[in-house]
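One file, protein07.txt, carrying compact mmCIF, C-alpha atoms:
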```txt
# COMPACT_ATOMS: atom_id res chain seq x y z
CA MET R 1 -50.44 150.37 37.94
CA ILE R 2 -48.30 147.33 37.18
CA VAL R 3 -48.09 146.08 33.62
CA VAL R 4 -47.18 142.41 33.28
CA GLU R 5 -45.35 141.04 30.27
CA ARG R 6 -44.09 137.63 29.26
CA ALA R 7 -40.32 137.77 29.24
CA SER R 8 -38.83 136.68 25.93
CA ARG R 9 -35.29 136.61 24.63
CA THR R 10 -36.31 138.48 21.47
CA ALA R 11 -39.21 140.67 22.54
CA ALA R 12 -41.57 141.37 25.42
CA ARG R 13 -45.18 140.62 24.56
CA LEU R 14 -47.82 142.58 26.44
CA LEU R 15 -50.21 140.14 28.09
CA GLY R 16 -52.35 142.28 30.33
CA LEU R 17 -52.55 144.63 33.24
CA LEU R 18 -52.09 144.06 36.93
CA LEU R 19 -54.04 147.01 38.30
CA LEU R 20 -53.55 147.38 42.01
CA GLY R 21 -56.80 146.05 43.45
CA LEU R 22 -58.32 145.00 40.11
CA THR R 23 -56.82 142.42 37.75
CA CYS R 24 -53.87 140.02 37.68
CA VAL R 25 -52.82 138.28 34.47
CA ALA R 26 -50.44 135.33 34.79
CA ALA R 27 -47.85 134.98 32.09
CA PHE R 28 -46.18 131.62 32.57
CA GLY R 29 -45.74 129.30 29.64
CA PRO R 30 -45.28 125.52 29.81
CA ALA R 31 -42.43 124.65 32.15
CA GLU R 32 -39.40 123.21 30.39
CA ALA R 33 -37.44 122.22 33.48
CA GLU R 34 -38.00 119.77 36.29
CA LEU R 35 -37.01 122.27 38.97
CA ARG R 36 -39.12 121.17 41.93
CA ILE R 37 -39.29 120.99 45.73
CA ASP R 38 -41.66 118.29 46.98
CA VAL R 39 -43.46 120.06 49.83
CA TYR R 40 -45.71 117.01 50.26
CA SER R 41 -42.82 114.68 51.08
CA PRO R 42 -43.26 112.91 54.46
CA ASN R 43 -39.78 114.17 55.32
CA PRO R 44 -39.19 117.94 55.30
CA PRO R 45 -37.30 118.83 52.10
CA GLU R 46 -33.79 120.21 52.29
CA PRO R 47 -33.64 123.88 51.23
CA MET R 48 -32.85 124.27 47.53
CA PRO R 49 -29.58 126.18 46.90
CA ILE R 50 -30.50 129.14 44.68
CA ALA R 51 -28.36 132.03 43.46
CA VAL R 52 -29.92 135.50 43.30
CA PRO R 53 -27.35 137.97 41.92
CA SER R 54 -28.11 141.67 41.65
CA PHE R 55 -30.41 142.64 38.82
CA SER R 56 -28.46 144.49 36.16
CA GLY R 57 -29.01 148.18 35.60
CA THR R 58 -27.15 151.35 34.72
CA GLY R 59 -26.78 154.57 36.67
CA SER R 60 -29.31 154.89 39.48
CA ASP R 61 -30.95 151.67 38.33
CA GLN R 62 -27.89 149.71 39.44
CA SER R 63 -28.60 150.27 43.15
CA ARG R 64 -32.29 149.59 42.57
CA GLY R 65 -31.36 146.28 40.95
CA GLN R 66 -29.38 145.34 44.03
CA GLU R 67 -32.34 146.20 46.25
CA VAL R 68 -34.82 144.17 44.17
CA ALA R 69 -32.57 141.10 44.24
CA SER R 70 -32.03 141.53 47.99
CA VAL R 71 -35.77 141.52 48.71
CA ILE R 72 -36.32 138.46 46.48
CA ALA R 73 -33.48 136.57 48.19
CA ALA R 74 -34.74 137.45 51.67
CA ASP R 75 -38.28 136.34 50.80
CA LEU R 76 -37.15 132.98 49.42
CA GLU R 77 -34.76 132.24 52.26
CA ARG R 78 -37.34 133.17 54.89
CA SER R 79 -39.70 130.52 53.49
CA GLY R 80 -37.33 127.81 54.70
CA LEU R 81 -37.45 126.06 51.31
CA PHE R 82 -34.52 127.89 49.71
CA ARG R 83 -30.90 128.48 50.70
CA ILE R 84 -29.26 131.52 49.10
CA VAL R 85 -25.81 130.72 47.71
CA ASP R 86 -23.22 133.15 49.09
CA PRO R 87 -23.01 136.08 46.62
CA ASN R 88 -19.26 136.28 47.27
CA ALA R 89 -18.95 132.96 45.44
CA TYR R 90 -20.64 134.14 42.23
CA ILE R 91 -18.37 133.93 39.19
CA GLN R 92 -20.55 135.39 36.43
CA ASP R 93 -21.43 139.09 36.78
CA PRO R 94 -25.04 140.39 36.44
CA GLN R 95 -24.37 142.23 33.18
CA SER R 96 -23.03 139.24 31.25
CA LEU R 97 -25.74 137.08 32.83
CA MET R 98 -28.32 138.98 30.77
CA SER R 99 -26.93 137.28 27.66
CA GLY R 100 -27.51 133.91 29.27
CA PRO R 101 -26.05 131.90 32.16
CA ARG R 102 -22.74 130.14 32.01
CA PHE R 103 -24.23 127.12 33.73
CA ALA R 104 -20.85 125.56 34.60
CA ASP R 105 -20.01 128.69 36.63
CA TRP R 106 -23.15 128.20 38.72
CA ARG R 107 -22.83 124.44 39.09
CA ILE R 108 -19.33 124.80 40.47
CA ILE R 109 -20.71 126.79 43.42
CA ASN R 110 -23.48 124.18 43.91
CA ALA R 111 -26.41 126.34 42.81
CA GLU R 112 -29.36 124.27 41.59
CA ALA R 113 -31.45 127.28 40.59
CA LEU R 114 -30.54 130.75 39.39
CA VAL R 115 -32.48 134.01 39.16
CA SER R 116 -31.36 136.66 36.68
CA GLY R 117 -32.96 140.01 36.03
CA SER R 118 -32.72 143.64 35.11
CA VAL R 119 -34.30 146.95 36.06
CA GLN R 120 -34.55 149.99 33.80
CA THR R 121 -36.14 153.40 34.19
CA GLN R 122 -38.03 154.13 30.99
CA SER R 123 -38.54 157.44 29.21
CA ASP R 124 -41.97 157.90 30.82
CA GLY R 125 -40.42 157.50 34.29
CA ARG R 126 -41.84 154.05 34.96
CA LEU R 127 -39.65 151.21 36.14
CA ARG R 128 -39.38 148.04 34.07
CA ALA R 129 -38.22 144.92 35.93
CA GLU R 130 -37.62 141.59 34.25
CA PHE R 131 -36.61 138.25 35.73
CA ARG R 132 -35.87 134.71 34.61
CA LEU R 133 -35.63 131.55 36.67
CA TRP R 134 -33.10 128.98 35.44
CA ASP R 135 -32.68 125.31 36.20
CA VAL R 136 -28.90 125.08 36.52
CA ILE R 137 -28.77 121.29 36.44
CA ALA R 138 -30.97 120.90 33.34
CA GLU R 139 -29.60 124.11 31.77
CA THR R 140 -33.09 125.33 30.90
CA GLU R 141 -35.23 128.38 31.56
CA ALA R 142 -38.03 127.53 33.98
CA ALA R 143 -39.95 130.82 34.10
CA GLY R 144 -39.75 134.44 33.06
CA GLN R 145 -41.76 137.62 33.26
CA ALA R 146 -41.45 141.40 33.00
CA TYR R 147 -43.28 144.18 34.84
CA GLN R 148 -43.73 147.91 34.36
CA THR R 149 -44.78 150.06 37.28
CA GLU R 150 -44.31 153.32 39.10
CA PRO R 151 -40.87 153.46 40.79
CA GLU R 152 -42.36 153.46 44.30
CA ASN R 153 -43.82 149.99 43.68
CA TRP R 154 -40.40 148.34 43.32
CA ARG R 155 -40.67 146.38 46.58
CA ARG R 156 -44.01 144.93 45.57
CA ILE R 157 -42.54 143.86 42.22
CA ALA R 158 -39.78 142.05 44.15
CA HIS R 159 -42.39 140.24 46.29
CA ILE R 160 -44.41 139.27 43.20
CA ILE R 161 -41.28 137.85 41.54
CA ALA R 162 -40.48 135.87 44.69
CA ASP R 163 -44.04 134.50 44.65
CA GLN R 164 -43.64 133.44 41.00
CA ILE R 165 -40.41 131.62 41.80
CA TYR R 166 -41.91 129.96 44.86
CA GLU R 167 -44.94 128.79 42.88
CA ARG R 168 -42.87 127.51 39.96
CA VAL R 169 -40.60 125.45 42.24
CA THR R 170 -43.14 124.19 44.80
CA GLY R 171 -46.35 124.02 42.77
CA GLU R 172 -48.10 126.11 45.44
CA SER R 173 -48.94 129.78 45.68
CA GLY R 174 -46.55 131.99 47.60
CA PHE R 175 -47.15 134.41 50.45
CA PHE R 176 -44.74 137.28 49.86
CA ASP R 177 -47.06 139.82 48.20
CA THR R 178 -49.16 140.13 51.33
CA ARG R 179 -49.71 142.48 54.25
CA ILE R 180 -49.98 142.15 58.01
CA VAL R 181 -52.34 144.17 60.17
CA TYR R 182 -51.67 144.06 63.89
CA VAL R 183 -51.97 145.97 67.16
CA SER R 184 -48.94 148.15 67.87
CA GLU R 185 -48.35 148.59 71.60
CA SER R 186 -46.35 151.07 73.64
CA GLY R 187 -46.23 152.50 77.15
CA PRO R 188 -46.22 150.94 80.62
CA ALA R 189 -48.19 147.78 81.34
CA THR R 190 -50.89 149.70 83.23
CA GLU R 191 -51.35 152.31 80.47
CA ARG R 192 -50.72 150.55 77.18
CA VAL R 193 -51.39 152.57 74.03
CA LYS R 194 -52.73 150.31 71.28
CA ARG R 195 -52.93 151.37 67.64
CA LEU R 196 -53.83 149.51 64.48
CA ALA R 197 -50.82 149.22 62.19
CA ILE R 198 -50.25 147.68 58.77
CA MET R 199 -47.09 146.60 56.94
CA ASP R 200 -45.76 144.25 54.28
CA GLN R 201 -45.19 140.68 55.44
CA ASP R 202 -41.47 141.43 55.83
CA GLY R 203 -42.07 144.50 58.01
CA ALA R 204 -41.51 147.11 55.28
CA ASN R 205 -43.90 149.98 54.38
CA HIS R 206 -45.08 150.21 57.97
CA ARG R 207 -47.80 152.73 58.82
CA TYR R 208 -50.38 153.35 61.54
CA LEU R 209 -54.11 153.26 60.85
CA THR R 210 -55.37 154.65 64.17
CA ASN R 211 -53.90 157.26 66.51
CA GLY R 212 -54.11 155.38 69.80
CA ASP R 213 -56.88 157.45 71.39
CA THR R 214 -58.95 154.30 71.90
CA LEU R 215 -58.10 150.70 72.74
CA VAL R 216 -58.19 148.45 69.65
CA LEU R 217 -58.13 144.65 69.49
CA THR R 218 -58.37 141.68 67.08
CA PRO R 219 -58.05 143.25 63.62
CA ARG R 220 -59.00 140.87 60.78
CA PHE R 221 -58.81 141.27 56.99
CA SER R 222 -61.73 140.92 54.64
CA PRO R 223 -61.27 138.40 51.80
CA THR R 224 -60.58 141.32 49.43
CA THR R 225 -57.82 142.62 51.78
CA GLN R 226 -59.27 146.14 51.38
CA GLU R 227 -61.21 146.20 54.65
CA ILE R 228 -60.47 145.32 58.26
CA THR R 229 -62.89 144.45 61.01
CA PHE R 230 -61.74 145.13 64.55
CA LEU R 231 -62.91 145.71 68.10
CA ALA R 232 -62.49 149.14 69.70
CA TYR R 233 -63.41 150.47 73.11
CA TYR R 234 -65.21 153.80 73.13
CA ASP R 235 -66.39 155.11 76.51
CA ASN R 236 -65.33 151.74 77.95
CA ARG R 237 -67.78 150.01 75.66
CA PRO R 238 -66.62 147.50 72.99
CA ARG R 239 -67.84 148.16 69.47
CA VAL R 240 -67.12 146.39 66.20
CA TYR R 241 -65.93 148.51 63.27
CA LEU R 242 -65.14 148.16 59.60
CA PHE R 243 -62.12 150.07 58.34
CA ASN R 244 -61.33 150.78 54.68
CA ILE R 245 -57.54 150.65 54.24
CA ASP R 246 -57.45 152.80 51.11
CA THR R 247 -59.75 155.60 52.26
CA GLY R 248 -59.24 155.41 56.02
CA GLN R 249 -63.02 155.48 56.48
CA ARG R 250 -64.27 153.85 59.66
CA GLU R 251 -67.80 152.45 59.89
CA LEU R 252 -69.59 151.24 62.99
CA LEU R 253 -70.75 147.72 62.29
CA GLY R 254 -73.27 147.77 65.09
CA ASP R 255 -73.96 149.41 68.41
CA PHE R 256 -74.59 146.19 70.25
CA PRO R 257 -76.29 146.26 73.63
CA SER R 258 -73.83 143.70 75.00
CA MET R 259 -70.12 142.95 75.12
CA THR R 260 -68.88 141.88 71.66
CA PHE R 261 -65.65 140.05 70.86
CA ALA R 262 -63.51 138.41 68.16
CA PRO R 263 -65.14 139.63 64.90
CA ARG R 264 -64.06 137.80 61.74
CA PHE R 265 -65.20 137.91 58.10
CA SER R 266 -66.90 135.01 56.37
CA PRO R 267 -65.00 133.59 53.35
CA ASP R 268 -67.30 135.40 50.91
CA GLY R 269 -66.96 138.70 52.78
CA ASN R 270 -70.72 139.15 53.08
CA SER R 271 -70.98 138.62 56.82
CA VAL R 272 -69.04 138.92 60.05
CA ILE R 273 -69.11 136.29 62.76
CA MET R 274 -68.45 137.23 66.39
CA SER R 275 -69.32 136.43 69.98
CA GLN R 276 -71.63 138.50 72.15
CA ALA R 277 -71.99 138.28 75.92
CA GLN R 278 -75.40 138.77 77.48
CA ASP R 279 -76.33 138.13 81.10
CA GLY R 280 -72.93 136.58 81.78
CA ASN R 281 -73.17 134.13 78.87
CA SER R 282 -71.30 134.40 75.58
CA ASP R 283 -72.70 133.00 72.33
CA ILE R 284 -71.76 133.18 68.67
CA TYR R 285 -73.66 135.44 66.27
CA VAL R 286 -73.36 136.17 62.58
CA MET R 287 -74.22 139.54 61.02
CA ASP R 288 -75.16 140.02 57.38
CA LEU R 289 -73.21 143.08 56.21
CA ARG R 290 -75.81 143.96 53.58
CA THR R 291 -78.86 143.99 55.85
CA ARG R 292 -77.08 144.45 59.23
CA SER R 293 -79.32 141.73 60.64
CA SER R 294 -77.82 139.36 63.25
CA ARG R 295 -78.53 135.71 63.89
CA ARG R 296 -77.60 133.69 66.98
CA LEU R 297 -75.77 130.43 66.20
CA THR R 298 -75.15 128.91 69.65
CA THR R 299 -77.43 128.69 72.70
CA ASP R 300 -75.35 126.62 75.12
CA PRO R 301 -75.03 127.96 78.70
CA GLY R 302 -71.22 127.76 78.36
CA ILE R 303 -68.98 130.52 77.02
CA ASP R 304 -68.70 130.24 73.21
CA THR R 305 -66.24 132.57 71.49
CA SER R 306 -63.42 132.99 68.91
CA PRO R 307 -65.29 131.59 65.88
CA SER R 308 -63.54 130.95 62.56
CA TYR R 309 -65.02 129.70 59.28
CA SER R 310 -63.70 126.84 57.19
CA PRO R 311 -62.44 128.09 53.77
CA ASP R 312 -65.60 126.86 52.03
CA GLY R 313 -67.83 128.59 54.58
CA THR R 314 -69.73 125.42 55.54
CA GLN R 315 -68.29 124.93 59.04
CA ILE R 316 -67.21 126.97 62.04
CA VAL R 317 -64.59 126.16 64.66
CA PHE R 318 -64.83 127.92 68.01
CA GLU R 319 -63.75 127.63 71.63
CA SER R 320 -66.15 126.83 74.47
CA ASP R 321 -66.14 125.76 78.11
CA ARG R 322 -69.49 123.99 77.75
CA GLY R 323 -67.80 120.69 78.70
CA GLY R 324 -66.24 122.10 81.86
CA SER R 325 -62.95 123.35 80.40
CA GLN R 326 -61.92 125.53 77.47
CA GLN R 327 -61.88 123.27 74.37
CA LEU R 328 -62.36 123.44 70.59
CA TYR R 329 -65.61 122.57 68.81
CA VAL R 330 -66.73 122.37 65.18
CA MET R 331 -70.30 122.97 63.99
CA GLY R 332 -72.11 123.67 60.74
CA ALA R 333 -72.21 127.28 59.54
CA GLY R 334 -75.91 127.43 60.38
CA GLY R 335 -75.27 126.53 64.01
CA GLY R 336 -76.10 123.46 66.08
CA GLY R 337 -74.61 119.99 66.21
CA ALA R 338 -71.27 121.11 67.67
CA GLN R 339 -68.67 118.37 68.04
CA ARG R 340 -65.70 118.62 70.38
CA ILE R 341 -62.35 118.06 68.61
CA SER R 342 -59.71 118.78 71.31
CA PHE R 343 -59.12 116.28 74.10
CA GLY R 344 -55.60 116.91 75.37
CA PRO R 345 -54.70 118.18 78.86
CA GLY R 346 -55.10 121.85 79.64
CA ARG R 347 -57.03 124.48 77.69
CA TYR R 348 -57.41 125.21 73.98
CA GLY R 349 -58.35 128.55 72.43
CA SER R 350 -58.22 131.05 69.53
CA PRO R 351 -58.76 128.45 66.77
CA VAL R 352 -58.22 129.53 63.14
CA TRP R 353 -59.00 127.40 60.10
CA SER R 354 -56.21 127.05 57.53
CA PRO R 355 -56.88 128.57 54.06
CA ARG R 356 -56.17 125.08 52.69
CA GLY R 357 -58.88 123.59 54.90
CA ASP R 358 -56.65 120.77 56.13
CA LEU R 359 -55.63 122.10 59.56
CA ILE R 360 -56.84 124.24 62.44
CA ALA R 361 -54.31 126.32 64.36
CA PHE R 362 -54.85 126.95 68.05
CA THR R 363 -53.36 128.23 71.30
CA HIS R 364 -52.79 125.66 74.03
CA LEU R 365 -52.16 126.23 77.74
CA SER R 366 -51.11 123.34 79.96
CA GLY R 367 -49.00 123.28 83.10
CA GLY R 368 -48.38 127.01 82.88
CA GLN R 369 -46.86 126.64 79.39
CA PHE R 370 -48.34 128.28 76.29
CA ALA R 371 -48.01 126.74 72.85
CA ILE R 372 -49.11 127.20 69.24
CA GLY R 373 -50.25 124.00 67.58
CA VAL R 374 -52.27 122.51 64.75
CA MET R 375 -54.72 119.64 64.37
CA ARG R 376 -56.94 118.28 61.62
CA PRO R 377 -60.59 119.41 61.60
CA ASP R 378 -61.61 116.08 63.18
CA GLY R 379 -59.14 116.60 66.03
CA SER R 380 -56.57 114.06 64.86
CA GLY R 381 -52.89 114.70 64.18
CA GLU R 382 -52.38 117.27 66.93
CA ARG R 383 -48.88 118.80 66.85
CA ILE R 384 -47.22 121.55 68.86
CA LEU R 385 -45.15 123.93 66.71
CA ALA R 386 -43.84 126.49 69.21
CA GLN R 387 -43.80 126.98 72.97
CA ALA R 388 -43.08 129.99 75.17
CA TYR R 389 -44.08 131.72 78.39
CA HIS R 390 -47.08 133.41 76.77
CA MET R 391 -48.14 133.16 73.12
CA GLU R 392 -51.48 133.74 71.40
CA GLY R 393 -53.28 134.89 68.27
CA PRO R 394 -52.35 132.45 65.48
CA THR R 395 -53.04 133.63 61.92
CA TRP R 396 -52.33 131.76 58.68
CA ALA R 397 -50.28 132.73 55.64
CA PRO R 398 -52.53 132.53 52.57
CA ASN R 399 -50.89 129.31 51.34
CA GLY R 400 -51.47 127.50 54.65
CA ARG R 401 -47.76 126.73 55.17
CA LEU R 402 -46.92 129.29 57.86
CA ILE R 403 -48.53 130.65 61.03
CA MET R 404 -47.90 134.04 62.60
CA TYR R 405 -48.58 134.66 66.30
CA PHE R 406 -47.46 136.94 69.09
CA SER R 407 -45.58 136.17 72.27
CA GLU R 408 -45.24 138.20 75.42
CA GLY R 409 -42.44 138.39 77.94
CA SER R 410 -41.00 140.69 80.52
CA THR R 411 -37.92 142.87 80.22
CA GLY R 412 -36.11 145.16 82.60
CA GLN R 413 -38.44 147.93 81.43
CA GLY R 414 -41.65 145.88 81.72
CA ARG R 415 -43.78 143.86 79.33
CA SER R 416 -42.84 143.22 75.70
CA ALA R 417 -44.77 141.66 72.82
CA ARG R 418 -43.33 140.42 69.54
CA LEU R 419 -44.68 138.89 66.32
CA HIS R 420 -43.26 135.54 65.21
CA VAL R 421 -43.73 133.09 62.33
CA VAL R 422 -43.45 129.29 62.44
CA GLY R 423 -43.84 126.80 59.61
CA ILE R 424 -46.21 123.86 59.90
CA ASP R 425 -43.12 121.64 59.64
CA GLY R 426 -41.89 123.18 62.90
CA ARG R 427 -38.48 123.95 61.35
CA THR R 428 -38.99 127.37 59.80
CA SER R 429 -39.28 130.33 62.17
CA TRP R 430 -38.43 133.99 62.39
CA THR R 431 -39.33 137.16 64.27
CA VAL R 432 -41.21 139.85 62.34
CA PRO R 433 -39.66 143.32 62.78
CA THR R 434 -41.97 146.02 64.17
CA PRO R 435 -41.07 149.54 65.40
CA LEU R 436 -42.77 148.95 68.75
CA ASP R 437 -44.34 145.97 70.49
CA GLY R 438 -46.86 144.01 68.43
CA SER R 439 -49.82 141.71 69.13
CA ASP R 440 -53.02 140.34 67.53
CA PRO R 441 -51.63 139.88 63.99
CA ALA R 442 -53.74 139.04 60.93
CA TRP R 443 -52.21 137.89 57.62
CA SER R 444 -53.87 139.00 54.41
CA SER R 445 -54.49 136.90 51.35
CA LEU R 446 -52.33 137.60 48.28
CA LEU R 447 -52.92 141.18 47.18
CA PRO R 448 -55.10 141.61 44.08
```

Mind converting the file's structure to structure tokens?
Amino acid sequence: MIVVERASRTAARLLGLLLLGLTCVAAFGPAEAELRIDVYSPNPPEPMPIAVPSFSGTGSDQSRGQEVASVIAADLERSGLFRIVDPNAYIQDPQSLMSGPRFADWRIINAEALVSGSVQTQSDGRLRAEFRLWDVIAETEAAGQAYQTEPENWRRIAHIIADQIYERVTGESGFFDTRIVYVSESGPATERVKRLAIMDQDGANHRYLTNGDTLVLTPRFSPTTQEITFLAYYDNRPRVYLFNIDTGQRELLGDFPSMTFAPRFSPDGNSVIMSQAQDGNSDIYVMDLRTRSSRRLTTDPGIDTSPSYSPDGTQIVFESDRGGSQQLYVMGAGGGGAQRISFGPGRYGSPVWSPRGDLIAFTHLSGGQFAIGVMRPDGSGERILAQAYHMEGPTWAPNGRLIMYFSEGSTGQGRSARLHVVGIDGRTSWTVPTPLDGSDPAWSSLLP
């Protein structure tokens, strides 16, 4: 359980509960400062210099305060919108900072924003973490909040704080308090062991969900982030499953008489869309999870696969070779009236609609070169964000500003696969740490 409080200089006022998986109560008051990054500017904004000193604490809490601040700083810097001021340049120490910033000390090292905070283990054993965001130029407090939680939740508190800072400065929701599910791979190329794995967006709290006794592919989160749909091969036959992350319970979605691929939840979580191959032809079907009844959405003789809903659930983007080559099409959620939206050279595949609804991410193959790109839903504004020998599987961060994908290459020991992130501005990028090789990632929405 995480208790959220409004941070105050005189007292902390209880506002509500943030129960893991139940309720989130925001606690921001009217902003006093003009601290802002314009993410809508036609020119990519320069990263904002921000100082994130260690959170103050005594005894064992001192090292925990350092860890919390380190996670917050790493989150913000990884977004590409913030530049962390070198901690070696800090003049004011964390303890005195709790009485208020000496703004001149922070301006002299060119910090425009400052995060201060503290952690304290309470008598009941719970951890209390408090932060404040300061506008150094205007010398005002921009945001503040306090949390109480079990000690093992400290990393999540750090991610939540980073999200609050990101939202206050950009005006958009963050993406740090999220998880990634993916396929962990090991072994030689001819005998790859593939297991479902889940972790925080920064690679921490990694754990395996399956034991590798069967081949698993294309895991996808439900809108609630509590369930995953994925494809698994049992007795060399593909089957679609639902997996409850909390309980570990696995449920067969359907024992389909044909090959089934690329399952994905609808935005409301009430149905799963997928492609099924019968008599050498692949079409798109949707299954109602309450009744388990399926409905066919496409009837073209071409291969239709990899469907993805628009955020409002009214449209579907998918890939098809109905026009002679693998291209992207958009149709209504009820099927029919598909319109082609990709017209460049080569082949397009694995389309995924942005949570914002403004872009569609895709994989592109032309001239032997793979790429990850985006285009508007009408096909205009096509841009390539990353290129490599082999890359696939784009998945969006919940704020629609970043895309994760996997790339494959060869090493002296054989094939390797890694997860990467690229921003829609094409400037921000990093490699996501995983214990083994990784493929087929899916990014969750913000955790409840």

Selected residue of minimal separation from Arg78 (chain R) among R:Phe406, R:Tyr208, R:Tyr329, R:Trp430, counting all atoms listed in the file = R:Trp430

request  = To one decimal in Å, tell me the separation between CA of Arg207 (chain R) and CA of Glu167 (chain R).
outcome  =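 Here the two named atoms are 28.9 Å from each other.
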
query = What residues have an atom no more than 10 Å from (-32.8, 129.3, 33.5) in the file's own frame, counting all atoms listed in the file, and can you write them as a PyMOL selection string?
reply = chain R and resi 32-33+35+100-101+103+113-116+131-144

With a distance cut-off of 9 Å and only C-alpha atoms, select the neighbouring residues of Gln339 (chain R), excluding the residue or stretch itself and same-chain residues fewer than 2 positions from it, and output the selection as a compact mmCIF listing (two decimals) with C-alpha atoms, in the frame of the given file.
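And here's selection01.txt as it stands now:
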```txt
# COMPACT_ATOMS: atom_id res chain seq x y z
CA LEU R 328 -62.36 123.44 70.59
CA TYR R 329 -65.61 122.57 68.81
CA VAL R 330 -66.73 122.37 65.18
CA MET R 331 -70.30 122.97 63.99
CA GLY R 337 -74.61 119.99 66.21
CA ILE R 341 -62.35 118.06 68.61
CA ASP R 378 -61.61 116.08 63.18
```

Listed atoms of region 202-219 of chain R boxed axis-aligned with 8 Å per side, centre + edges as JSON:
```
{"center_x": -50.2, "center_y": 149.4, "center_z": 63.6, "size_x": 33.5, "size_y": 32.0, "size_z": 34.4}
```

ask   = Separation of CA of Glu130 (chain R) and CA of Gln145 (chain R), in Å?
value = 5.8 Å

Atomic distance CA of Gln369 (chain R) - CA of Asp437 (chain R), expressed in Å with one decimal = 21.4 Å

task = Would you kindly identify which residues have an atom no farther than 7 Å from (-65.7, 135.2, 58.9), using all atoms listed in the file and the file's own coordinates, and write them out as JSON, numbers by chain?
result = {"R": [264, 265, 266, 267, 271, 272, 273, 308, 309]}

request  = Fewer than 4 positions away in the same chain doesn't count, so skip those; otherwise give me all residues within 8 Å of Thr431 (chain R), counting only C-alpha atoms, as an MDAnalysis selection string.
outcome  = chainID R and resid 418:421

Just C-alpha atoms for this one: save the residues we selected as a CSV table (one decimal), in the frame of the given file.
```
chain,number,residue,atom,x,y,z
R,418,ARG,CA,-43.3,140.4,69.5
R,419,LEU,CA,-44.7,138.9,66.3
R,420,HIS,CA,-43.3,135.5,65.2
R,421,VAL,CA,-43.7,133.1,62.3
```

Per residue of region 109-209 of chain R within 10 Å of region 228-235 of chain R, which atom pair is closest and at what distance in Å (one decimal), using all atoms listed in the file, listed by chain and increasing number, as CSV?
```
residue,atom,partner,partner_atom,distance
R:Val181,CA,R:Ile228,CA,8.4
R:Lys194,CA,R:Ala232,CA,10.0
R:Leu196,CA,R:Phe230,CA,9.0
```

request  = Would you please work out which residue, of R:Trp154, R:Ile384, R:Met391, R:Ile108, is nearest to Gln66 (chain R) when using only C-alpha atoms?
outcome  = R:Trp154

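Look at Pro377 (chain R): the protein and nucleic acid residues within 9 Å of it, using all atoms listed in the file and passing over chain neighbours fewer than 5 places away, are Val317, Val330, Ile341, Trp353, Gly357, Asp358, Leu359 and Ile360 of chain R.
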
Take the residues just selected and output them with C-alpha atoms as an mmCIF file, in the coordinates of the input.
```
data_model
loop_
_atom_site.group_PDB
_atom_site.id
_atom_site.type_symbol
_atom_site.label_atom_id
_atom_site.label_comp_id
_atom_site.auth_asym_id
_atom_site.auth_seq_id
_atom_site.Cartn_x
_atom_site.Cartn_y
_atom_site.Cartn_z
ATOM 1 C CA VAL R 317 -64.590 126.160 64.660
ATOM 2 C CA VAL R 330 -66.730 122.370 65.180
ATOM 3 C CA ILE R 341 -62.350 118.060 68.610
ATOM 4 C CA TRP R 353 -59.000 127.400 60.100
ATOM 5 C CA GLY R 357 -58.880 123.590 54.900
ATOM 6 C CA ASP R 358 -56.650 120.770 56.130
ATOM 7 C CA LEU R 359 -55.630 122.100 59.560
ATOM 8 C CA ILE R 360 -56.840 124.240 62.440
#
```

key: Polymer residues at most 10 Å from Thr428 (chain R), all atoms listed in the file, same-chain spacing of 2 or more positions, as a ChimeraX atom specification   = /R:77-81,385,401-402,421-426,430

Can I get the residues of region 159-198 of chain R within 12 Å of region 52-62 of chain R, each with the closest pair of atoms and their distance in Å to one decimal, using only C-alpha atoms, sorted chain first then ascending number, as CSV?
```
residue,atom,partner,partner_atom,distance
R:Ile161,CA,R:Val52,CA,11.7
R:Ala162,CA,R:Val52,CA,10.7
R:Ile165,CA,R:Val52,CA,11.3
```

ask   = Which one of R:Met48, R:Val71, R:Val193, R:Ala262 sits closest to Leu217 (chain R) if you count all atoms listed in the file?
value =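 Using all atoms listed in the file, the shortest distance to Leu217 (chain R) belongs to R:Ala262.
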
key: Shortest interatomic distance to Thr149 (chain R) - which of R:Arg239, R:Gly125, R:His206, R:Gly171, counting all atoms listed in the file   =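 Between R:Arg239, R:Gly125, R:His206, R:Gly171, the residue approaching Thr149 (chain R) most closely is R:Gly125.
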